[in-house]
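Chemist: Quick one: the structure is below, questions incoming.
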Amino acid sequence: MAKAIEVDGLTKFYGDLLAVDHISFAVEEGELFGFLGPNGAGKTTTVRMLSGLTRISEGQARVGGFDVRRQTKEVKAHIGVVRDTSNLYLDLSVYDNLMFAAQIHGVPRHQRHKRVMELLEMLGLASRKGQRFAALSRGLKRRLTIAAALVHDPPILFLDEPTLGLDVKSRRLMHRLIKELHAKGTTIFLTTHYIEEADRLCDRIAIVNHGRILLADTPERIKRKAQGEQIVRVSFDGGGDELPEQLRGLAHVDSVEAMGDGFELRSERVSELLLELADFARSHGLRIISLNTARPTLEDAFAQLTGIDLELMRMERKNAG
Amino acid sequence: MLDELEKAWYIALKDMKAYYFKPPTISWGILFPLAFAFAFSLRNPQGLRELAPGLLAMSVLFGTSSMSVGSIMFERRSQSFEQALQAPISLLGVVLGKALGGLLFGMLVCAAMALTVVVFFGASILRPALAALVLILSSFLFSAFGVFLALSVGREFDAMILANSVRLPMLFLSGVFIPVSRFPAYLRVVACFLPLTYTVDLLRHSLVGGYDLIPPLLSLLAILAMTAASLWGAVRMLERKLG
């Protein structure tokens with residue numbers, strides 16, 4: 001399959017700061033490829049280099065078959081870019097913003113109005129075409145920013161944190177839109193620090209931190225790489241404050257974490273643990289209300305394989321929202 | 001080439017729609033030169049005819065550069081400046097588009113000022129075609145210069161401060177109010193480095209005839225050279241911003 005994006009030794013220095021450290025990867029045509037990592041990992045800098053908005057310090061990159069350094073205009077003609085902020089023109093109307101995008105991206109004159117109206121209808125913005133961009137809600141601004149990136153029907157789309165700061169409804173809408181674009185064959189390069197978003201949407205994910213790619217694979221294979229641990233979720237009817245310590249004392253338990261009104265136990269030997277739990281409940285006069293097992297999530301695998309503090313990432317998301 | 005010019009034109013059109021009625025554009029681009037003209041007319045109504053070349057030049061300077069500086073300032077603040085950079089257009093095309101937006105606004109301001117000095121103060125225009133050419137070329141020069149200044153600053157808020165730091169001294173050192181030929185020698189040298197000097201002198205030649213310091217052909221060449229330098233400087237500033 002042809003490569004939509006090929007990167008070899010891509011590097012970016014800002015003075016002495018090494019923001020992107022000699023990364024290499026390739027994205028197939030039609031693939032939805034995720035760049036997952038915390039703030040400062042180098043995700044946005046990578047997008048900016050690949051889209052010609054920031055100069056490459058070292059290394060090679062080809063997008064859509066064009067060399068990013070020497071054929072920047074051709075690259076830009078074949079990509080759409082949605083930045084992490086909704087950065088259209090505040091004083092222009094919804095319609096005028098999209099029309100301007102169509103004009104400078106070379107959409108033929110006779111097709112512009114039709115294309116603009118199609119996108120406005122598709123994204124539920126047609127009734128607001130006369131409204132100033134500044135007056136739109138955050139979710140609607142995001143939709144219009146994506147529309148502006150799609151107006152010239154690019155085969156490759158860069159989405160930099162597309163759902164950052166959106167409410168649940170807007171995020172779901174965005175995910176649906178991304179899936180529709182993916183289904184149509186658009187190659188999508190997505191950066192995010194929402195692990196569940198990467199898990200849900202991406203064909204493959206590269207986990208990045210400190211400017212380096214730590215791991216790149218499908219979500220399923222990444223989860224399987226997490227060291228064979230499985231999760232048992234159990235809740236009891238009864239039990240005192242000493243219950244967590246007692247559970248930690250079980251032979252086949254690796255860790256215990258309180259979750260709501262129950263506990264999440266991790267173990268590499270789930271079958272043995274289940275028998276232990278049954279014995280434990282019986283010997284302590286407890287009744288098991290619920291018991292189920294689960295495979296490690298991408299979040300578990302992410303934390304285990306990268307050592308990145310998930311709590312830190314959650315705080316960053318919260319602050320960004 | 002045509003494709004680049006077409007896209008530059010669309011950038012100018014977008015700027016017209018978005019920024020022509022923004023407060024800094026109106027206050028610095030229109031009200032400031034009008035206030036000066038009004039102040040001088042109160043002091044010496046007859047002297048306004050003599051000041052007409054300088055007042056027109058001042059309108060061009062402030063009208064065009066306020067628009068180009070203001071539009072870039074707003075767009076850098078909202079990060080929408082990158083929309084043009086994401087499109088398949090060269091950096092020169094982007095700069096041309098921004099300069100064109102300022103030029104068109106400047107022409108509107110000039111037309112209003114020219115009407116004022118001719119109709120209300122009885123100034124005459126000896127060589128209308130040359131006057132029109134000078135106003136168009138100077139509008140483009142000052143607009144491009146404004147683009148260069150706006151892209152030179154690190155923080156977008158500093159753009160108008162820098163522009164005024166350059167424009168206001170230029171007003172008094174370029175022959176707008178007092179002919180440069182009456183300056184001390186060292187100030188005449190300084191005046192030769194200021195683009196407004198050439199505009200004032202050429203407008204004097206086209207409105208009332210003669211020239212103050214520099215022969216008209218040299219002034220024309222200087223305007224063209226400074227325009228090229230401003231465009232080149234603006235592109236270099238943009239390249240630096242790309243890291």
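Labels used: A, B, ... for chains in the order of the structure tokens, numbers from 1 for residues in each chain, and numbers from 1 for ligands as shown.
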Which polymer residues have any atom within 6 Å of an atom of range 181-197 of chain A, counting only C-alpha atoms, with same-chain residues fewer than 6 positions away left out, as a list in words?
Modeler: Glu29, Gly30, Glu31, Leu32, Phe33, Gly34, Phe35, Leu36, Gly37, Pro38, Pro155, Ile156, Leu157, Phe158, Leu159, Asp160 and Glu161 of chain A
Chemist: Find the residues in chain A near chain B: any atom within 9 Å counts, using only C-alpha atoms. Write them as a ChimeraX atom specification.
Modeler: /A:14,51-57,72-81,85-92,96-97,100-101,103-106
Chemist: Quick one: residues within 9 Å of Thr44 in chain A, only C-alpha atoms, excluding same-chain residues fewer than 3 positions away - as a list in words?
Modeler: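 Surrounding residues, per the criterion: Gly40, Ala41, Val47, Arg48, Met49, Arg83, Asp84, Asp160, Glu161 and Thr191 of chain A.
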Chemist: Using the chain letters and numbers from this document, which residues of range 73-227 of chain B does DSSP assign to helix (DSSP H, G or I), as a ChimeraX atom specification?
Modeler: /B:73-78,81-85,91-120,128-152,158-173,180-182,185-192,195-207,216-227
Chemist: Those residues you just picked out, can you put them in a file as an mmCIF file, in the first residue's frame with C-alpha atoms?
Modeler:
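Generated file (again24.cif):
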data_model
loop_
_atom_site.group_PDB
_atom_site.id
_atom_site.type_symbol
_atom_site.label_atom_id
_atom_site.label_comp_id
_atom_site.auth_asym_id
_atom_site.auth_seq_id
_atom_site.Cartn_x
_atom_site.Cartn_y
_atom_site.Cartn_z
ATOM 1 C CA MET B 73 -1.852 42.416 14.915
ATOM 2 C CA PHE B 74 -5.413 41.095 15.185
ATOM 3 C CA GLU B 75 -4.635 37.915 13.296
ATOM 4 C CA ARG B 76 -1.530 37.085 15.294
ATOM 5 C CA ARG B 77 -3.495 37.598 18.485
ATOM 6 C CA SER B 78 -6.282 35.244 17.404
ATOM 7 C CA PHE B 81 -2.712 34.489 10.622
ATOM 8 C CA GLU B 82 -1.737 30.856 10.117
ATOM 9 C CA GLN B 83 -4.785 30.200 7.966
ATOM 10 C CA ALA B 84 -3.044 31.941 5.062
ATOM 11 C CA LEU B 85 0.247 30.187 5.885
ATOM 12 C CA LEU B 91 5.247 33.717 1.735
ATOM 13 C CA LEU B 92 5.638 36.534 -0.788
ATOM 14 C CA GLY B 93 2.050 35.949 -1.889
ATOM 15 C CA VAL B 94 0.864 36.257 1.722
ATOM 16 C CA VAL B 95 2.857 39.478 2.198
ATOM 17 C CA LEU B 96 1.535 40.886 -1.086
ATOM 18 C CA GLY B 97 -2.011 40.122 -0.007
ATOM 19 C CA LYS B 98 -1.600 41.914 3.312
ATOM 20 C CA ALA B 99 0.079 44.893 1.600
ATOM 21 C CA LEU B 100 -2.681 45.071 -0.981
ATOM 22 C CA GLY B 101 -5.318 45.279 1.742
ATOM 23 C CA GLY B 102 -3.516 48.262 3.226
ATOM 24 C CA LEU B 103 -3.031 49.881 -0.169
ATOM 25 C CA LEU B 104 -6.723 49.826 -0.985
ATOM 26 C CA PHE B 105 -7.644 51.298 2.377
ATOM 27 C CA GLY B 106 -4.971 53.940 1.986
ATOM 28 C CA MET B 107 -6.327 54.908 -1.413
ATOM 29 C CA LEU B 108 -9.751 55.479 0.129
ATOM 30 C CA VAL B 109 -8.258 57.670 2.845
ATOM 31 C CA CYS B 110 -6.173 59.571 0.284
ATOM 32 C CA ALA B 111 -9.164 60.177 -1.917
ATOM 33 C CA ALA B 112 -11.048 61.649 1.017
ATOM 34 C CA MET B 113 -8.105 63.846 2.014
ATOM 35 C CA ALA B 114 -7.490 64.957 -1.593
ATOM 36 C CA LEU B 115 -11.124 65.920 -1.936
ATOM 37 C CA THR B 116 -10.905 67.886 1.288
ATOM 38 C CA VAL B 117 -7.815 69.901 0.339
ATOM 39 C CA VAL B 118 -8.989 70.529 -3.226
ATOM 40 C CA VAL B 119 -12.661 71.260 -2.643
ATOM 41 C CA PHE B 120 -12.595 72.927 0.756
ATOM 42 C CA PRO B 128 -3.050 64.714 -11.707
ATOM 43 C CA ALA B 129 -1.741 61.557 -13.407
ATOM 44 C CA LEU B 130 1.603 61.805 -11.625
ATOM 45 C CA ALA B 131 -0.156 62.565 -8.334
ATOM 46 C CA ALA B 132 -2.295 59.450 -8.752
ATOM 47 C CA LEU B 133 0.777 57.327 -9.568
ATOM 48 C CA VAL B 134 2.677 58.669 -6.571
ATOM 49 C CA LEU B 135 -0.252 58.000 -4.257
ATOM 50 C CA ILE B 136 -0.664 54.442 -5.531
ATOM 51 C CA LEU B 137 3.054 53.618 -5.330
ATOM 52 C CA SER B 138 3.434 55.256 -1.939
ATOM 53 C CA SER B 139 0.350 53.468 -0.618
ATOM 54 C CA PHE B 140 1.907 50.173 -1.574
ATOM 55 C CA LEU B 141 5.265 51.178 -0.076
ATOM 56 C CA PHE B 142 3.842 52.184 3.291
ATOM 57 C CA SER B 143 1.511 49.243 3.446
ATOM 58 C CA ALA B 144 4.395 46.842 2.754
ATOM 59 C CA PHE B 145 6.456 48.721 5.314
ATOM 60 C CA GLY B 146 3.631 48.242 7.823
ATOM 61 C CA VAL B 147 3.610 44.494 7.101
ATOM 62 C CA PHE B 148 7.357 44.390 7.730
ATOM 63 C CA LEU B 149 7.017 46.285 11.022
ATOM 64 C CA ALA B 150 4.115 44.131 12.227
ATOM 65 C CA LEU B 151 6.034 40.926 11.541
ATOM 66 C CA SER B 152 9.212 42.258 13.187
ATOM 67 C CA ASP B 158 3.948 45.734 20.220
ATOM 68 C CA ALA B 159 3.195 46.109 16.515
ATOM 69 C CA MET B 160 1.289 49.394 16.707
ATOM 70 C CA ILE B 161 3.758 50.755 19.278
ATOM 71 C CA LEU B 162 6.645 50.059 16.905
ATOM 72 C CA ALA B 163 4.717 51.479 13.964
ATOM 73 C CA ASN B 164 4.037 54.731 15.798
ATOM 74 C CA SER B 165 7.639 54.917 17.010
ATOM 75 C CA VAL B 166 8.651 54.984 13.368
ATOM 76 C CA ARG B 167 5.773 56.944 11.822
ATOM 77 C CA LEU B 168 5.563 59.860 14.236
ATOM 78 C CA PRO B 169 9.228 60.933 14.007
ATOM 79 C CA MET B 170 9.004 60.435 10.236
ATOM 80 C CA LEU B 171 6.230 63.030 10.131
ATOM 81 C CA PHE B 172 8.545 65.724 11.402
ATOM 82 C CA LEU B 173 11.685 64.666 9.576
ATOM 83 C CA VAL B 180 13.689 69.329 4.136
ATOM 84 C CA SER B 181 15.877 71.881 2.359
ATOM 85 C CA ARG B 182 15.497 74.081 5.451
ATOM 86 C CA ALA B 185 22.685 69.247 7.069
ATOM 87 C CA TYR B 186 22.680 66.221 9.367
ATOM 88 C CA LEU B 187 18.863 66.093 9.375
ATOM 89 C CA ARG B 188 18.812 66.305 5.592
ATOM 90 C CA VAL B 189 20.927 63.149 5.572
ATOM 91 C CA VAL B 190 18.481 61.472 7.949
ATOM 92 C CA ALA B 191 15.562 62.551 5.745
ATOM 93 C CA CYS B 192 17.110 60.775 2.759
ATOM 94 C CA PRO B 195 10.461 56.816 2.637
ATOM 95 C CA LEU B 196 8.000 59.601 3.430
ATOM 96 C CA THR B 197 10.534 62.201 2.241
ATOM 97 C CA TYR B 198 10.254 60.959 -1.344
ATOM 98 C CA THR B 199 6.483 60.823 -1.261
ATOM 99 C CA VAL B 200 6.236 64.405 0.034
ATOM 100 C CA ASP B 201 8.666 65.683 -2.575
ATOM 101 C CA LEU B 202 6.967 63.898 -5.440
ATOM 102 C CA LEU B 203 3.543 65.076 -4.319
ATOM 103 C CA ARG B 204 4.865 68.620 -4.114
ATOM 104 C CA HIS B 205 6.131 68.260 -7.688
ATOM 105 C CA SER B 206 2.785 66.907 -8.882
ATOM 106 C CA LEU B 207 0.552 69.346 -6.975
ATOM 107 C CA PRO B 216 11.410 63.467 -9.168
ATOM 108 C CA LEU B 217 12.893 60.535 -11.079
ATOM 109 C CA LEU B 218 15.221 59.739 -8.182
ATOM 110 C CA SER B 219 12.326 59.978 -5.744
ATOM 111 C CA LEU B 220 10.325 57.542 -7.871
ATOM 112 C CA LEU B 221 13.228 55.083 -7.986
ATOM 113 C CA ALA B 222 13.736 55.440 -4.230
ATOM 114 C CA ILE B 223 10.064 54.605 -3.600
ATOM 115 C CA LEU B 224 10.314 51.517 -5.799
ATOM 116 C CA ALA B 225 13.544 50.397 -4.138
ATOM 117 C CA MET B 226 12.158 50.890 -0.642
ATOM 118 C CA THR B 227 9.012 48.974 -1.594
#
Chemist: Report the distance between CA of Asn209 in chain A and CA of Thr163 in chain A in Å, rounded to one decimal place.
Modeler: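 It comes out at 20.1 Å.
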